[in-house]
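Colleague: Would you mind keeping the following structure in view while I ask a few things?
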Amino acid sequence: MNKTIRRASVFALLLVFALLVKATWLQFYDGKSLADSKDNRRNVIETYSQPLGNIVVGGESITGSARTKGSDLAYKRTYKDGKLYAAVTGYASQAYAPTQLEGIYQDLLNGTDNRLKTVMDTVTGKRADPGDVVTTIDPDVQKAAYDALGDKKGGAIAIDPKTGRILAAVSTPSYDPSELTDANTAGTAWKKLNADPDKPLTNRALRQPLPPGSTFKLVVAAAALEDGLYKNVDQDTVSPNPYTLPGTTRPLANESASAPCENAPIRVALQYSCNNVFGKMAVDLGQDKVRAMAEKFGFNDDQLDVPVRAYTSVYPSGMDKAQTGLSGIGQFDVTATPLQMAMVSAAIADGGKLVSPHMVSQITDGGGDVLKNYDDSAESKEIISSSTAEQLQSAMRTVVEQGTGTNAKIPGVTVGGKTGTAQHGENNSKTPFAWFTSFAKSGSGKEVAVAVMVEQSDAARSEVSGNGLAAPVAKAMMQAALKN
């Protein structure tokens, strides 16, 4: 064999070897990533080749599957009362990645979760029957919140303090997930929803942190009582009125100039929502102590899953004393979701303990057998002492019975709450956010904790308040939760 032929032969062998290596690599290493790629249409065809499992509320499925025509995708997702439950379900779309519970449990709902496979499924390679997601949502509380929010832009959450079960999660304005399920029409609906200035796809209950205003005063009060700065909610504070923020010439004004806020005890300061008291209290405690208490309640937790990942509620760091004073009234860079403020009221209502909030009770296989029970695995941790919780419960009752939260009164029910009107925009030029967080206890032992945030309404700026806009929504939710 001459030299030229020998070289050509070696080169050809190297090419063959390279092809074998590439084929092996594709089969054993890149195969899975290619198979799982969002651009692999075979996955979508497989997902919608049979009906999906369902999301269950109050013992009834609020989702379904409908047979399609003239498509290689045999089924599409359907929703019952889609707008009512959109903040819970999210959507499962033939065109877009699933969201909310539909996204978190997509493998369970489409039958590819390994926990669903029987021995025979494993042997035959057959796709398992899909499972179901059973939520903690109470349909009556959900509807009460949705109807009460009406055409307002806002969010609302209700939690059972004893169990951590989320009874309602509502965001308005909402959208109908059914508009996004069909690949042929989803694109048009997607563009319309994203162009809407009211942002209906935003989950304001879980993922829209805004300044919480005076509802944050509950956290500052808890820090002051736990630290021993004040012995109880009826001890006079050291709070001049007007109170000038340290290092500035700016007095921290109160909503009512005639309110008895000078040196007011915590009970009176919550009753009249005295900014001078809580601004001074935050400065006296220092930002580190306020932050430590806020974080015990859940602020700055970037992994709060319910199981939907909630947006982080923030208590900032690196503030000067003036900024710390503003943080004490829920302003400056303090932000919170309705979920976070409901957690504050839930911990206070349950004697200082916070049970992990969750909106899925259990997941089941195709035969209805429980794969995981989230109610049984919910963790409880002590946030504040039972003594501090009792003190704050009492003060919150005064807010509702004699203070700024009277619109939340329910005859025959023990109700405590805190209003908030959060300023925002340059020089506070924009319409304030209206907040209300509360708890209610019936004579039969039922309890509920609620937070409502109204981002925008048709009310005049001068009429925007936590009591006027948010408290009636909270009242409707509490009544629905306690009626059974």
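The way I read the labels, and the way they are meant: chains A, B, ... in the order of the structure tokens, residue 1 as the first residue of every chain, and ligand 1 as the first ligand shown, with later ones counted on from there.
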Please list as a list in words every residue within 9 Å of stretch 295-305 of chain A, counting only C-alpha atoms and excluding residues in the same chain fewer than 5 positions away.

Modeller: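 Near stretch 295-305 of chain A, the qualifying residues are Val219, Val290, Ala310, Tyr311, Thr312, Ser313, Val314, Tyr315, Pro316, Thr335, Ala336, Gln340, Met341, Met343, Val344, Ala347, Leu354, Pro357, His358, Glu382, Ile383 and Ile384 of chain A.
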
Colleague: Let's have the selection written as a short mmCIF file (atom, residue, chain, number, x, y, z; two decimals), in the first residue's frame, with C-alpha atoms.

Modeller:
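And here is the file that came out, out.cif:
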data_model
loop_
_atom_site.label_atom_id
_atom_site.label_comp_id
_atom_site.auth_asym_id
_atom_site.auth_seq_id
_atom_site.Cartn_x
_atom_site.Cartn_y
_atom_site.Cartn_z
CA VAL A 219 -44.41 44.30 63.13
CA VAL A 290 -37.01 45.77 63.42
CA ALA A 310 -44.28 34.23 46.42
CA TYR A 311 -42.46 37.41 45.56
CA THR A 312 -40.08 38.54 48.31
CA SER A 313 -41.45 41.07 50.80
CA VAL A 314 -38.63 43.41 51.77
CA TYR A 315 -37.44 45.14 54.90
CA PRO A 316 -34.36 47.06 53.73
CA THR A 335 -42.65 46.29 50.56
CA ALA A 336 -45.07 43.45 51.23
CA GLN A 340 -47.04 38.46 53.84
CA MET A 341 -49.41 40.73 55.75
CA MET A 343 -49.05 35.86 57.69
CA VAL A 344 -48.47 38.65 60.24
CA ALA A 347 -49.22 34.53 63.69
CA LEU A 354 -47.02 30.73 62.35
CA PRO A 357 -49.05 28.82 54.60
CA HIS A 358 -49.97 26.45 51.77
CA GLU A 382 -42.90 30.58 67.17
CA ILE A 383 -42.66 34.16 65.92
CA ILE A 384 -43.54 36.06 69.10
#

Colleague: Name all residues at most 7 Å from A:Gly403 (count only C-alpha atoms; drop same-chain ones fewer than 5 positions away) and give them as a ChimeraX atom specification.

Modeller: /A:271-272,398

Colleague: Excluding stretch 184-197 of chain A and any residue of its chain fewer than 4 positions from it, enumerate the residues within 12 Å of it, using only C-alpha atoms, and give them as a PyMOL selection string.

Modeller: chain A and resi 68-73+76+91-97+153+173-180+201-202

Colleague: Take the selection from the previous step and output its residues with N, CA, C and O atoms, as a CSV table (one decimal), in the first residue's frame.

Modeller:
chain,number,residue,atom,x,y,z
A,68,THR,N,-60.2,18.2,20.9
A,68,THR,CA,-60.1,19.2,19.8
A,68,THR,C,-60.4,18.6,18.5
A,68,THR,O,-60.5,17.4,18.4
A,69,LYS,N,-60.5,19.4,17.5
A,69,LYS,CA,-60.8,19.0,16.1
A,69,LYS,C,-59.7,19.6,15.2
A,69,LYS,O,-59.3,20.7,15.3
A,70,GLY,N,-59.3,18.8,14.2
A,70,GLY,CA,-58.4,19.2,13.2
A,70,GLY,C,-57.0,19.7,13.7
A,70,GLY,O,-56.4,20.6,13.2
A,71,SER,N,-56.5,19.0,14.8
A,71,SER,CA,-55.2,19.3,15.3
A,71,SER,C,-54.5,18.0,15.7
A,71,SER,O,-55.1,17.0,16.0
A,72,ASP,N,-53.2,18.1,15.7
A,72,ASP,CA,-52.4,16.9,16.2
A,72,ASP,C,-52.4,16.9,17.7
A,72,ASP,O,-51.8,16.0,18.3
A,73,LEU,N,-52.9,17.9,18.4
A,73,LEU,CA,-53.0,18.0,19.8
A,73,LEU,C,-54.5,17.6,20.2
A,73,LEU,O,-55.4,18.3,19.9
A,76,LYS,N,-57.3,19.8,24.9
A,76,LYS,CA,-56.9,21.1,25.4
A,76,LYS,C,-57.5,21.3,26.8
A,76,LYS,O,-58.5,20.7,27.1
A,91,TYR,N,-52.3,28.8,34.2
A,91,TYR,CA,-52.9,28.2,33.0
A,91,TYR,C,-52.0,27.1,32.5
A,91,TYR,O,-50.8,27.1,32.7
A,92,ALA,N,-52.6,26.2,31.8
A,92,ALA,CA,-51.9,25.1,31.0
A,92,ALA,C,-52.2,25.4,29.6
A,92,ALA,O,-53.4,25.3,29.1
A,93,SER,N,-51.2,25.7,28.8
A,93,SER,CA,-51.4,26.2,27.4
A,93,SER,C,-50.7,25.3,26.4
A,93,SER,O,-49.6,24.8,26.7
A,94,GLN,N,-51.3,25.1,25.2
A,94,GLN,CA,-50.7,24.4,24.2
A,94,GLN,C,-49.5,25.2,23.6
A,94,GLN,O,-48.7,24.6,22.9
A,95,ALA,N,-49.5,26.5,23.8
A,95,ALA,CA,-48.6,27.4,23.2
A,95,ALA,C,-47.5,27.9,24.2
A,95,ALA,O,-46.4,28.3,23.7
A,96,TYR,N,-47.8,28.0,25.4
A,96,TYR,CA,-46.9,28.7,26.4
A,96,TYR,C,-46.7,27.8,27.6
A,96,TYR,O,-47.5,26.9,27.9
A,97,ALA,N,-45.6,28.0,28.3
A,97,ALA,CA,-45.3,27.2,29.5
A,97,ALA,C,-46.3,27.4,30.6
A,97,ALA,O,-46.8,28.5,30.8
A,153,LYS,N,-58.5,47.3,41.4
A,153,LYS,CA,-57.3,46.6,41.2
A,153,LYS,C,-56.6,46.3,42.5
A,153,LYS,O,-56.3,47.1,43.3
A,173,PRO,N,-57.6,43.1,38.4
A,173,PRO,CA,-58.5,42.4,37.5
A,173,PRO,C,-57.9,41.0,37.1
A,173,PRO,O,-56.7,40.9,37.1
A,174,SER,N,-58.8,40.1,36.8
A,174,SER,CA,-58.3,38.8,36.5
A,174,SER,C,-58.4,38.5,35.0
A,174,SER,O,-58.6,39.4,34.2
A,175,TYR,N,-58.2,37.3,34.6
A,175,TYR,CA,-58.3,36.9,33.2
A,175,TYR,C,-58.8,35.5,33.2
A,175,TYR,O,-58.8,34.7,34.2
A,176,ASP,N,-59.3,35.1,32.0
A,176,ASP,CA,-59.8,33.7,31.9
A,176,ASP,C,-58.7,32.8,31.3
A,176,ASP,O,-58.3,33.0,30.1
A,177,PRO,N,-58.1,31.9,32.0
A,177,PRO,CA,-57.1,31.0,31.5
A,177,PRO,C,-57.5,30.3,30.2
A,177,PRO,O,-56.6,29.9,29.4
A,178,SER,N,-58.8,30.1,30.0
A,178,SER,CA,-59.3,29.4,28.8
A,178,SER,C,-58.8,30.0,27.5
A,178,SER,O,-58.7,29.4,26.5
A,179,GLU,N,-58.6,31.4,27.6
A,179,GLU,CA,-58.2,32.1,26.4
A,179,GLU,C,-56.8,31.7,25.9
A,179,GLU,O,-56.5,32.0,24.8
A,180,LEU,N,-56.0,31.1,26.8
A,180,LEU,CA,-54.6,30.8,26.5
A,180,LEU,C,-54.4,29.3,26.2
A,180,LEU,O,-53.3,28.9,26.0
A,201,LEU,N,-52.4,39.6,34.2
A,201,LEU,CA,-51.6,38.4,34.4
A,201,LEU,C,-50.8,38.4,35.7
A,201,LEU,O,-50.2,37.4,36.1
A,202,THR,N,-50.7,39.6,36.3
A,202,THR,CA,-49.9,39.8,37.5
A,202,THR,C,-50.7,39.2,38.7
A,202,THR,O,-51.9,39.6,38.9

Colleague: Counting only C-alpha atoms, which of A:Ile329, A:Val21, A:Leu339, A:Ala449 gets nearest to A:Val170?

Modeller: A:Leu339

Colleague: With DSSP run on the backbone, what are the helix (DSSP H, G or I) residues within stretch 85-149 of chain A? I'd like them as a count of residues only.

Modeller: 35

Colleague: Compile the contact shell of A:Ala264 as a ChimeraX atom specification: residues with an atom at most 10 Å away, counting only C-alpha atoms, same-chain residues fewer than 3 positions apart removed.

Modeller: /A:233-241,259-261,267-270,272,274,276-277

Colleague: With a distance cut-off of 9 Å and only C-alpha atoms, select the neighbouring residues of A:Asn203, excluding the residue or stretch itself and same-chain residues fewer than 6 positions from it, and output the selection as a ChimeraX atom specification.

Modeller: /A:86-88,155,170-172,174
